[in-house]
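What's in query_28.cif: mmCIF, C-alpha atoms and all ligand atoms
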data_coords
loop_
_atom_site.label_atom_id
_atom_site.label_comp_id
_atom_site.auth_asym_id
_atom_site.auth_seq_id
_atom_site.Cartn_x
_atom_site.Cartn_y
_atom_site.Cartn_z
CA MET A 4 2.07 -6.93 125.37
CA ALA A 5 -1.59 -6.91 126.35
CA ALA A 6 -4.06 -6.27 123.55
CA LYS A 7 -5.43 -2.77 123.35
CA PRO A 8 -8.95 -2.43 124.73
CA ALA A 9 -11.55 -2.47 121.98
CA THR A 10 -12.38 1.18 122.40
CA ASP A 11 -10.84 4.06 124.25
CA PRO A 12 -13.52 6.71 124.84
CA ALA A 13 -10.81 9.36 125.13
CA TYR A 14 -9.93 8.86 121.46
CA SER A 15 -13.31 7.89 120.08
CA VAL A 16 -16.44 9.52 118.73
CA GLU A 17 -19.81 8.41 120.04
CA LEU A 18 -21.52 7.76 116.74
CA TYR A 19 -24.90 6.79 118.09
CA LYS A 20 -25.25 10.22 119.65
CA LEU A 21 -24.15 12.06 116.53
CA LYS A 22 -26.80 13.72 114.39
CA ASP A 23 -26.31 14.39 110.71
CA GLY A 24 -24.34 17.58 110.15
CA HIS A 25 -21.07 19.21 111.17
CA HIS A 26 -19.21 18.29 114.34
CA GLU A 27 -15.81 19.17 115.77
CA PHE A 28 -13.65 17.42 118.32
CA THR A 29 -10.21 17.98 119.78
CA PHE A 30 -7.95 15.24 121.06
CA ALA A 31 -4.69 15.61 122.94
CA VAL A 32 -1.90 13.17 122.24
CA ASP A 33 0.91 12.80 124.76
CA ASP A 34 3.78 10.47 125.61
CA SER A 35 1.52 7.78 127.06
CA PHE A 36 -0.57 7.65 123.89
CA LEU A 37 2.50 7.40 121.65
CA GLN A 38 3.96 4.67 123.84
CA ALA A 39 0.71 2.69 124.11
CA MET A 40 0.29 2.78 120.33
CA ASN A 41 3.76 1.44 119.69
CA PRO A 42 4.02 -2.25 120.48
CA GLU A 43 7.36 -3.25 121.90
CA GLY A 44 9.94 -4.37 119.43
CA THR A 45 8.93 -2.11 116.57
CA GLU A 46 10.68 1.08 115.65
CA ALA A 47 8.60 4.05 116.69
CA PHE A 48 8.67 7.38 114.88
CA ALA A 49 8.48 8.97 118.36
CA THR A 50 7.67 7.97 121.92
CA GLN A 51 7.48 11.51 123.28
CA GLY A 52 5.48 14.44 122.07
CA ASN A 53 2.58 16.78 122.47
CA VAL A 54 0.17 16.84 119.58
CA GLN A 55 -3.30 18.21 119.14
CA VAL A 56 -5.60 16.44 116.72
CA GLN A 57 -8.58 18.46 115.60
CA LEU A 58 -11.29 16.49 113.93
CA ALA A 59 -14.02 17.96 111.75
CA LEU A 60 -16.82 15.58 110.80
CA GLU A 61 -19.59 15.88 108.25
CA LYS A 62 -22.09 13.16 108.95
CA THR A 63 -24.70 12.06 106.45
CA GLN A 64 -26.88 8.96 106.20
CA GLN A 65 -24.36 7.43 103.77
CA PHE A 66 -20.98 8.36 105.19
CA ILE A 67 -18.94 10.43 107.63
CA ASP A 68 -16.36 12.70 106.06
CA ALA A 69 -13.55 13.11 108.58
CA ARG A 70 -10.77 15.71 108.36
CA PHE A 71 -7.92 15.43 110.81
CA SER A 72 -5.69 18.43 111.52
CA VAL A 73 -2.51 17.49 113.31
CA THR A 74 -0.35 20.12 115.06
CA GLY A 75 2.31 19.77 117.71
CA THR A 76 5.79 18.62 118.50
CA LEU A 77 7.55 15.27 118.66
CA GLN A 78 10.88 14.27 120.13
CA VAL A 79 12.75 12.59 117.30
CA ALA A 80 16.35 11.60 116.69
CA CYS A 81 18.39 13.61 114.23
CA ASP A 82 19.29 11.52 111.16
CA ARG A 83 22.79 12.96 111.10
CA CYS A 84 23.98 13.03 114.72
CA LEU A 85 21.28 10.86 116.40
CA GLN A 86 20.66 13.52 119.05
CA ASP A 87 17.02 13.94 120.07
CA TYR A 88 15.44 17.22 119.09
CA THR A 89 11.98 18.77 119.00
CA GLN A 90 10.35 18.48 115.60
CA ILE A 91 7.31 20.63 114.84
CA ILE A 92 4.68 18.74 112.90
CA THR A 93 1.60 19.99 111.14
CA GLY A 94 -0.65 18.58 108.46
CA THR A 95 -4.11 17.45 107.50
CA GLU A 96 -5.48 14.05 106.52
CA ARG A 97 -8.90 12.91 105.42
CA VAL A 98 -10.84 9.69 105.77
CA LEU A 99 -14.30 8.81 104.54
CA TYR A 100 -16.13 6.40 106.85
CA SER A 101 -18.80 4.86 104.69
CA TYR A 102 -21.92 3.02 105.78
CA ASN A 103 -22.42 1.84 102.22
CA PRO A 104 -20.31 -1.24 101.36
CA ASP A 105 -21.09 -0.76 97.66
CA MET A 106 -19.74 2.75 97.51
CA ALA A 107 -17.26 3.30 94.69
CA THR A 108 -13.79 4.33 95.87
CA THR A 109 -10.77 5.88 94.23
CA ASP A 110 -7.08 5.30 94.96
CA ASP A 111 -6.50 8.78 96.26
CA GLN A 112 -9.25 8.53 98.85
CA ASP A 113 -9.01 6.75 102.18
CA VAL A 114 -12.33 4.96 102.66
CA VAL A 115 -13.14 2.84 105.69
CA PHE A 116 -16.37 0.88 105.68
CA ILE A 117 -18.24 0.85 108.96
CA SER A 118 -21.39 -0.82 110.19
CA ARG A 119 -24.51 1.18 110.98
CA ASP A 120 -24.46 -0.64 114.31
CA LEU A 121 -21.09 0.80 115.27
CA GLN A 122 -21.56 2.86 118.43
CA TRP A 123 -18.05 4.12 119.01
CA LEU A 124 -15.70 5.14 116.22
CA ASP A 125 -12.25 4.53 117.68
CA LEU A 126 -9.69 6.81 116.04
CA ARG A 127 -6.51 5.84 117.84
CA GLN A 128 -4.88 4.10 114.89
CA GLU A 129 -5.80 6.89 112.48
CA MET A 130 -4.42 9.53 114.83
CA TYR A 131 -1.21 7.61 115.40
CA ASP A 132 -0.69 6.97 111.69
CA PHE A 133 -1.49 10.55 110.74
CA ILE A 134 0.92 11.93 113.33
CA GLY A 135 3.60 9.62 111.95
CA LEU A 136 2.90 10.82 108.41
CA GLN A 137 3.81 14.39 109.36
CA VAL A 138 7.34 13.49 110.41
CA PRO A 139 9.69 14.71 107.68
CA LEU A 140 11.61 12.06 105.75
CA ARG A 141 14.84 13.92 106.41
CA LYS A 142 15.05 14.66 110.12
CA ILE A 143 17.86 17.17 110.55
CA PRO A 144 17.18 20.26 112.63
CA GLU A 145 18.56 23.70 111.97
CA GLY A 146 21.93 24.01 113.67
CA CYS A 147 23.10 20.47 112.97
CA PRO A 148 25.96 19.91 112.78
CA GLY A 149 26.68 22.31 115.61
CA SER A 150 27.03 22.74 119.33
CA MET A 151 23.85 20.71 120.00
CA CYS A 152 25.44 17.56 118.59
CA PRO A 153 27.20 15.05 120.85
CA PRO A 154 30.91 16.09 120.76
CA GLU A 155 32.14 12.68 119.62
CA VAL A 156 29.64 12.66 116.76
CA LEU A 157 30.46 16.23 115.83
CA LYS A 158 34.09 15.22 115.56
CA TYR A 159 33.06 12.40 113.28
CA ILE A 160 30.88 14.61 111.10
CA ASN A 161 33.80 17.00 110.68
CA THR A 162 36.19 14.24 109.75
CA THR A 163 37.19 14.08 106.12
CA GLU A 164 35.89 11.30 103.93
CA SER A 165 39.23 9.47 103.69
CA GLU A 166 39.57 9.31 107.45
CA ARG A 167 36.13 7.84 108.00
CA THR A 168 37.07 4.35 106.95
CA ASN A 169 39.54 4.18 109.85
CA LEU A 170 37.00 4.90 112.57
CA PRO A 171 36.17 2.15 115.03
CA SER A 172 32.97 0.34 114.14
CA ALA A 173 32.17 -1.19 117.53
CA ASP A 174 29.68 1.56 118.35
CA PRO A 175 26.53 0.81 116.31
CA ARG A 176 25.96 4.54 115.88
CA TRP A 177 29.05 4.77 113.68
CA SER A 178 27.75 2.25 111.20
CA GLN A 179 24.41 4.03 111.09
CA LEU A 180 26.20 7.26 110.34
CA LYS A 181 28.25 5.63 107.63
CA GLU A 182 25.11 4.46 105.89
CA LEU A 183 23.88 8.02 105.72
CA ASN A 184 26.92 9.22 103.87
ZN ZN B 201 22.00 16.47 114.30
#
Would you put the structure from the file into structure tokens?
Amino acid sequence: MAAKPATDPAYSVELYKLKDGHHEFTFAVDDSFLQAMNPEGTEAFATQGNVQVQLALEKTQQFIDARFSVTGTLQVACDRCLQDYTQIITGTERVLYSYNPDMATTDDQDVVFISRDLQWLDLRQEMYDFIGLQVPLRKIPEGCPGSMCPPEVLKYINTTESERTNLPSADPRWSQLKELN
């Protein structure tokens, strides 16, 4: 896969134009962003979705305090029946971009050191990571198991424990389901 361009203006902040003070930006994340940010061969948390990232910046001479608010939906696979469903995500994350390499940091604070010469602050990786962080650990929508599930999987889910060991294992989905139980 080709390397990502150094900066994508659509997902960056023009630092050299930014005066000290408060600034707000809104970025729209869609399928093409999610797919571009996920190199082939790695497991993506989602390749389809519509997410808005609102960014509030406080810029000073020493640092830029960045708060990311993430809201939207992602298409994710149900942990139980593997059917895709629409997961609502929402959350906030914070990063301090510091111009001062000697600044003291704490474990509970995300600090990224940047150069005073940096003209564009590219936020693609932050946005992608922060969207991923809002995906619940247990992805099972309301109504599962139910009519939304693939019939063959529904049948499996409804099968009693003792019968499960006799199911064919050729379909990789079966073994995934077994691991969940
Ligand atoms: Zn399900």
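Considering only C-alpha atoms, the residue among A:Gln38, A:Thr29, A:Thr63, A:Gln78 positioned nearest to Lys142 of chain A is A:Gln78.
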Can you check which parts of chain A lie within 6 Å of ligand ZN 201 (chain B)? Per residue, the shortest pair of atoms and distance in Å to one decimal, counting only C-alpha atoms and all ligand atoms, sorted by chain and number, as CSV.
residue,atom,partner,partner_atom,distance
A:Cys81,CA,B:ZN201,ZN,4.6
A:Arg83,CA,B:ZN201,ZN,4.8
A:Cys84,CA,B:ZN201,ZN,4.0
A:Gln86,CA,B:ZN201,ZN,5.7
A:Ile143,CA,B:ZN201,ZN,5.6
A:Cys147,CA,B:ZN201,ZN,4.4
A:Pro148,CA,B:ZN201,ZN,5.5
A:Cys152,CA,B:ZN201,ZN,5.6
Residues within 12 Å of (24.0, 16.5, 119.3), file coordinates, counting all atoms listed in the file: what are they? Give the list as a list of chain:residue names. A:Ala80, A:Cys81, A:Asp82, A:Arg83, A:Cys84, A:Leu85, A:Gln86, A:Asp87, A:Tyr88, A:Ile143, A:Pro144, A:Glu145, A:Gly146, A:Cys147, A:Pro148, A:Gly149, A:Ser150, A:Met151, A:Cys152, A:Pro153, A:Pro154, A:Glu155, A:Val156, A:Leu157, A:Lys158, A:Tyr159, A:Ile160
Which neighbours of Val16 of chain A fall inside 8 Å, counting all atoms listed in the file, when residues of the same chain fewer than 5 positions from it are skipped, and could you give them as a PDB file with C-alpha atoms, in the coordinates of the input?
ATOM      1  CA  TRP A 123     -18.050   4.120 119.010  1.00  0.00           C
ATOM      2  CA  LEU A 124     -15.700   5.140 116.220  1.00  0.00           C
ATOM      3  CA  ASP A 125     -12.250   4.530 117.680  1.00  0.00           C
ATOM      4  CA  LEU A 126      -9.690   6.810 116.040  1.00  0.00           C
TER       5      LEU A 126
END
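Of note, atom CA of Thr95 of chain A and atom CA of Ala9 of chain A are spaced 25.7 Å apart.
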Between atom CA of Ser118 of chain A and atom CA of Phe71 of chain A lies a distance of 21.1 Å
